[in-house]
2 protein chains.
Amino acid sequence: MPREVGGRRGECCVSAMIRDVAKAANVSPSTVSRAFTMPELLRADTRERVLAAAAKLGYQPNRAARGLITGRTGNIGVIVPDLANPFYPAVLKGAQARARESDYSVFLADAEEDPGLEVELIKAMAKQVDGVVLCSSRASAGVLTDIANDTALVLLNRRISGVPAVVMDNAGGARQAVVHLAALGHRRVAYLDGPASSWSNKGRRRGVKTHGAAHGLDIVELGPFPPTFEGGLLAADLSLAANVTAVIAYNDLVALGVISRLKDRSVGVPEDVSVIGFDDIPMAQMSVPALTTVSLPGERAGRLAIDVLNGEIGNRLRDEEGPVRGALPTSLIVRSSTAPPRS
Amino acid sequence: MPREVGGRRGECCVSAMIRDVAKAANVSPSTVSRAFTMPELLRADTRERVLAAAAKLGYQPNRAARGLITGRTGNIGVIVPDLANPFYPAVLKGAQARARESDYSVFLADAEEDPGLEVELIKAMAKQVDGVVLCSSRASAGVLTDIANDTALVLLNRRISGVPAVVMDNAGGARQAVVHLAALGHRRVAYLDGPASSWSNKGRRRGVKTHGAAHGLDIVELGPFPPTFEGGLLAADLSLAANVTAVIAYNDLVALGVISRLKDRSVGVPEDVSVIGFDDIPMAQMSVPALTTVSLPGERAGRLAIDVLNGEIGNRLRDEEGPVRGALPTSLIVRSSTAPPRS
DNA sequence: ATGAAAGCGCTAACAC
DNA sequence: GTGTTAGCGCTTTCAT
């Protein structure tokens with residue numbers, strides 16, 4: 001139940017309103033407002049008095065009311081494809097922390113890997129946020145461009161002409177994975193596709209193929225598979241049938257699924273098949289064998305996305321599609337799931 | 001950049017406003033408003049006309065403005081202690097999904113296991129939400145009671161006199177763990193404490209002690225430890241020194257840490273030491289050995305918390321501190337980290 | 001340096 | 001049934 005404070009009128013709101021403070025400090029509401037938004041315009045003593053009164057009454061400006069007039073809400077939205085993939089909580093953690101530092105609150109939504117829902121969520125959010133960070137969007141470029149037109153939008157791990165984005169160097173990570181495998185002596189390796197609409201998947205696949213060819217590897221493309229542990233279970237059998245000695249999975253969840261299924265089928269990892277993932281989720285180091293994986297700076301990307309949204313970095317990254325510039329570095333973490341192929 | 005639409009006035013807002021729709025449908029703004037909030041009061045054809053116009057213009061009511069007058073924001077807040085603990089993304093996923101179903105948006109904040117921050121976050125949120133779900137709060141009962149006084153609050157895994165809560169049956173889970181260990185033949189087992197301010201920890205500890213005694217077990221209490229993998233690393237050595245044959249950890253993260261450290265010290269799990277966790281996070285089934293753990297219905301609890309907030313369940317759970325009623329059931333999942341003690 | 005008044009987009013009384 | 005009026009809590013010209 002709201003607790004009334006001073007007002008003689010409707011007794012509407014939780015805690016004090018600007019009028020209460022004004023009265024207590026013997027000034028007009030405008031002055032109180034200024035004390036918060038343009039303190040330098042007030043005489044020092046008035047400011048003190050107002051601030052003191054505000055503090056005593058526990059007054060905090062109503063952001064909704066303020067937003068109505070300023071056009072800024074003080075909120076930002078973050079949309080992720082699946083909270084159950086540990087990579088996104090990491091991004092979210094970074095984003096939320098950074099948002100808070102710049103005095104923003106964050107709206108969260110889980111798009112459940114569904115492009116339709118994604119768009120719906122973004123539209124529902126648009127009215128109440130100053131901008132949204134959209135992670136690994138599965139929506140079409142056209143739709144996103146439209147949205148970016150009337151909503152401040154920052155893409156994370158997705159790049160579209162003219163829309164600001166924070167991306168990670170997927171192809172570079174893929175290169176490192178391929179080089180590692182080649183050095184180990186592998187000659188035939190599978191790439192396990194993630195969602196067809198995933199931009200990250202494209203980059204990873206491209207990296208694997210390009211650098212695989214450059215290193216004389218046979219690259220077998222399998223999938224697409226759901227980007228989940230279950231997807232990996234599925235992929236394992238296909239990989240075995242494809243007669244490869246190593247597998248690069250779309251992400252860690254899939255890689256972990258592959259390892260699990262391989263184990264069930266008594267195929268040794270890494271003796272019989274090497275496995276590499278992407279993301280470096282916490283599980284990756286706990287699995288047995290510990291997973292060799294391309295580490296992505298999720299939390300950092302989350303923070304950066306907020307900065308971009310804040311315009312602190314602004315259009316630095318707003319270049320056209322093409323050679324990826326400004327991509328966050330990725331790095332291969334070699335653990336125990338990779339080894340030379342059985343000769 | 002906001003895109004202007006119809007207004008002759010200030011060109012303020014993204015997309016259409018109520019006046020634009022009113023004009024397009026040849027009705028007054030009130031009628032448009034009613035078409036959305038009390039459709040049955042309008043003549044069918046007017047309603048159609050208005051809705052059509054609204055759809056064509058892509059109009060959606062500004063929730064901030066609406067909230068200003070109705071006193072309802074359509075937002076709910078969720079605060080978790082640590083997004084990096086996979087248990088909370090699960091809760092969050094449930095809460096967000098359920099919130100969406102009832103047309104609420106969710107504000108998210110990560111309290112970083114800090115009671116001070118928690119309170120600060122809740123206060124900052126209070127103005128812009130209709131209620132908040134506070135997960136595993138570490139704040140004091142007094143502070144929380146105060147907050148519950150002027151903010152609709154639902155506690156999750158925390159019980160305080162007079163504050164609605166969704167809780168899980170920690171003691172019951174602990175009982176199952178103890179019974180399992182006793183049946184296996186263990187006689188001396190350690191309980192690894194989580195945060196001292198954690199309500200869940202209290203329940204688990206109490207369950208272990210009570211039922212341990214009832215089953216003639218020696219219970220050694222160790223800790224508290226941070227509720228993380230690192231905390232488990234720490235706890236493992238102390239457990240070894242305590243000369244127990246089994247360990248019940250505060251949560252899965254800690255249990256996993258224990259297993260990892262034990263492995264490093266060449267202590268076999270489960271041959272030398274059995275390990276049980278709480279939560280059943282996804283990692284639990286992937287670890288080697290797979291972790292025996294008390295499964296908690298996190299996602300379900302998240303959904304339920306929203307329902308309670310919605311008043312759909314209302315004060316059903318609002319009973320006094322004491323015998324826990326309405327606690328969500330927990331169940332022991334036996335996997336490979338428990339076995340009879342070395343004789 | 002401060003106050004008065006207008007109004008953000010919407011809904012809720014109250015007319016008609 | 002539908003329009004008119006007032007006003008949510010705040011900021012912002014415009015006076016003074």
# chains A, B, ... in the order shown; residues from 1 in each chain; ligands from 1
>>> residues_around(residues="region 6-13 of chain C", least_positions_apart="3", cutoff="10 Å", atoms="only C-alpha atoms (C1' of nucleotides)", output="PyMOL selection string")
(chain A and resi 65-71) or (chain B and resi 10+12-13+17-19+29-30+33-34+37+61-70) or (chain D and resi 5-8+10-13)
>>> interface_residues(of="chain A", to="chain B", cutoff="7 Å", atoms="only C-alpha atoms", output="JSON list (two decimals) with C-alpha atoms, in the first residue's frame")
[["chain", "number", "residue", "atom", "x", "y", "z"],
["A", 1, "MET", "CA", 0.00, 0.00, 0.00],
["A", 2, "PRO", "CA", 1.30, 3.43, -0.93],
["A", 3, "ARG", "CA", 2.06, 5.55, 2.05],
["A", 14, "VAL", "CA", 4.77, 6.47, -2.44],
["A", 62, "ASN", "CA", 9.66, 10.19, -10.23],
["A", 64, "ALA", "CA", 8.36, 8.28, -15.26],
["A", 65, "ALA", "CA", 7.06, 11.79, -14.83],
["A", 68, "LEU", "CA", 7.41, 12.19, -19.94],
["A", 83, "LEU", "CA", 19.01, -17.13, -20.59],
["A", 84, "ALA", "CA", 19.71, -20.82, -20.24],
["A", 89, "PRO", "CA", 23.98, -14.16, -18.24],
["A", 90, "ALA", "CA", 27.61, -13.12, -18.52],
["A", 93, "LYS", "CA", 25.95, -9.10, -15.95],
["A", 96, "GLN", "CA", 23.62, -4.38, -16.07],
["A", 106, "VAL", "CA", 17.82, -2.37, -17.37],
["A", 107, "PHE", "CA", 14.84, -4.14, -18.81],
["A", 108, "LEU", "CA", 15.47, -7.75, -19.58],
["A", 109, "ALA", "CA", 13.76, -10.05, -22.01],
["A", 127, "LYS", "CA", 8.41, 2.99, -25.59],
["A", 128, "GLN", "CA", 9.91, 2.71, -22.20],
["A", 150, "ASP", "CA", 13.13, 4.73, -34.59],
["A", 283, "MET", "CA", 31.21, -25.41, -17.57],
["A", 286, "MET", "CA", 34.78, -28.25, -15.39],
["A", 287, "SER", "CA", 33.90, -30.85, -17.96],
["A", 288, "VAL", "CA", 35.98, -33.96, -18.33]]
>>> closest_residue(among="B:Asp146, B:Asp169, B:Asp20, B:Glu101", to="Pro329 (chain B)", atoms="only C-alpha atoms")
B:Asp169
>>> interface_residues(of="chain C", to="chain A", cutoff="7 Å", atoms="only C-alpha atoms (C1' of nucleotides)", output="list of chain:residue names")
C:DA1, C:DT2, C:DG3, C:DC8
>>> write_last_selection(atoms="N, CA and C atoms (P, O5', C5', C4', C3', O3' and C1' of nucleotides)", output="PDB file, in the first residue's frame")
ATOM      1  P    DA C   1      22.617  33.911 -10.174  1.00  0.00           P
ATOM      2  O5'  DA C   1      21.688  33.190  -9.100  1.00  0.00           O
ATOM      3  C5'  DA C   1      21.672  33.658  -7.787  1.00  0.00           C
ATOM      4  C4'  DA C   1      20.240  33.722  -7.342  1.00  0.00           C
ATOM      5  C3'  DA C   1      19.581  32.352  -7.159  1.00  0.00           C
ATOM      6  O3'  DA C   1      18.791  32.428  -5.974  1.00  0.00           O
ATOM      7  C1'  DA C   1      18.330  33.642  -8.722  1.00  0.00           C
ATOM      8  P    DT C   2      17.987  31.252  -5.401  1.00  0.00           P
ATOM      9  O5'  DT C   2      16.605  31.488  -6.073  1.00  0.00           O
ATOM     10  C5'  DT C   2      15.569  32.101  -5.327  1.00  0.00           C
ATOM     11  C4'  DT C   2      14.383  32.318  -6.218  1.00  0.00           C
ATOM     12  C3'  DT C   2      13.421  31.151  -6.271  1.00  0.00           C
ATOM     13  O3'  DT C   2      12.344  31.479  -5.413  1.00  0.00           O
ATOM     14  C1'  DT C   2      13.628  32.287  -8.361  1.00  0.00           C
ATOM     15  P    DG C   3      11.157  30.429  -5.178  1.00  0.00           P
ATOM     16  O5'  DG C   3      10.041  30.959  -6.188  1.00  0.00           O
ATOM     17  C5'  DG C   3       9.644  32.315  -6.081  1.00  0.00           C
ATOM     18  C4'  DG C   3       8.582  32.629  -7.115  1.00  0.00           C
ATOM     19  C3'  DG C   3       7.456  31.606  -7.202  1.00  0.00           C
ATOM     20  O3'  DG C   3       6.236  32.306  -7.435  1.00  0.00           O
ATOM     21  C1'  DG C   3       8.504  31.793  -9.310  1.00  0.00           C
ATOM     22  P    DC C   8       1.827  19.004 -24.676  1.00  0.00           P
ATOM     23  O5'  DC C   8       2.765  17.723 -24.538  1.00  0.00           O
ATOM     24  C5'  DC C   8       4.174  17.803 -24.657  1.00  0.00           C
ATOM     25  C4'  DC C   8       4.791  16.668 -23.850  1.00  0.00           C
ATOM     26  C3'  DC C   8       3.985  15.381 -23.923  1.00  0.00           C
ATOM     27  O3'  DC C   8       4.596  14.517 -24.888  1.00  0.00           O
ATOM     28  C1'  DC C   8       4.604  15.926 -21.648  1.00  0.00           C
TER      29       DC C   8
END
>>> select_by_dssp(residues="region 202-319 of chain A", states="strand (DSSP E or B)", output="PDB file with C-alpha atoms, in the first residue's frame")
ATOM      1  CA  ASP A 218      39.206 -31.100 -45.270  1.00  0.00           C
ATOM      2  CA  ILE A 219      36.344 -29.214 -43.670  1.00  0.00           C
ATOM      3  CA  VAL A 220      33.054 -31.037 -43.378  1.00  0.00           C
ATOM      4  CA  GLU A 221      30.063 -28.861 -42.602  1.00  0.00           C
ATOM      5  CA  LEU A 222      27.372 -30.486 -40.498  1.00  0.00           C
ATOM      6  CA  ALA A 246      38.197 -33.397 -34.889  1.00  0.00           C
ATOM      7  CA  VAL A 247      35.115 -31.302 -34.420  1.00  0.00           C
ATOM      8  CA  ILE A 248      34.681 -27.565 -34.043  1.00  0.00           C
ATOM      9  CA  ALA A 249      31.295 -26.877 -32.521  1.00  0.00           C
ATOM     10  CA  SER A 274      39.199 -33.802 -30.621  1.00  0.00           C
ATOM     11  CA  VAL A 275      36.507 -31.272 -29.740  1.00  0.00           C
ATOM     12  CA  ILE A 276      36.618 -27.472 -29.700  1.00  0.00           C
ATOM     13  CA  GLY A 277      33.868 -25.096 -28.645  1.00  0.00           C
ATOM     14  CA  PHE A 278      33.185 -21.363 -28.615  1.00  0.00           C
ATOM     15  CA  ASP A 279      32.351 -19.075 -25.647  1.00  0.00           C
ATOM     16  CA  THR A 292      39.421 -26.541 -25.487  1.00  0.00           C
ATOM     17  CA  THR A 293      37.481 -23.502 -26.595  1.00  0.00           C
ATOM     18  CA  VAL A 294      37.570 -20.075 -28.150  1.00  0.00           C
ATOM     19  CA  SER A 295      37.049 -17.657 -25.304  1.00  0.00           C
TER      20      SER A 295
END
>>> residues_around(residues="region 230-234 of chain B", least_positions_apart="6", cutoff="6 Å", atoms="only C-alpha atoms (C1' of nucleotides)", output="ChimeraX atom specification")
/B:254-255,257-258,261
>>> select_by_dssp(residues="region 123-256 of chain A", states="helix (DSSP H, G or I)", output="PyMOL selection string")
chain A and resi 123-126+141-150+170-184+199-214+229-241+252-256
>>> atom_distance(atom1="CA of Asn170 (chain A)", atom2="CA of Pro270 (chain A)")
23.4 Å
>>> closest_atom_pairs(of="chain D", to="chain B", cutoff="7 Å", atoms="only C-alpha atoms (C1' of nucleotides)", output="CSV")
residue,atom,partner,partner_atom,distance
D:DG1,C1',B:Leu42,CA,6.3
D:DT2,C1',B:Thr31,CA,6.8
D:DG3,C1',B:Ser28,CA,6.3
D:DC8,C1',B:Ile69,CA,4.4
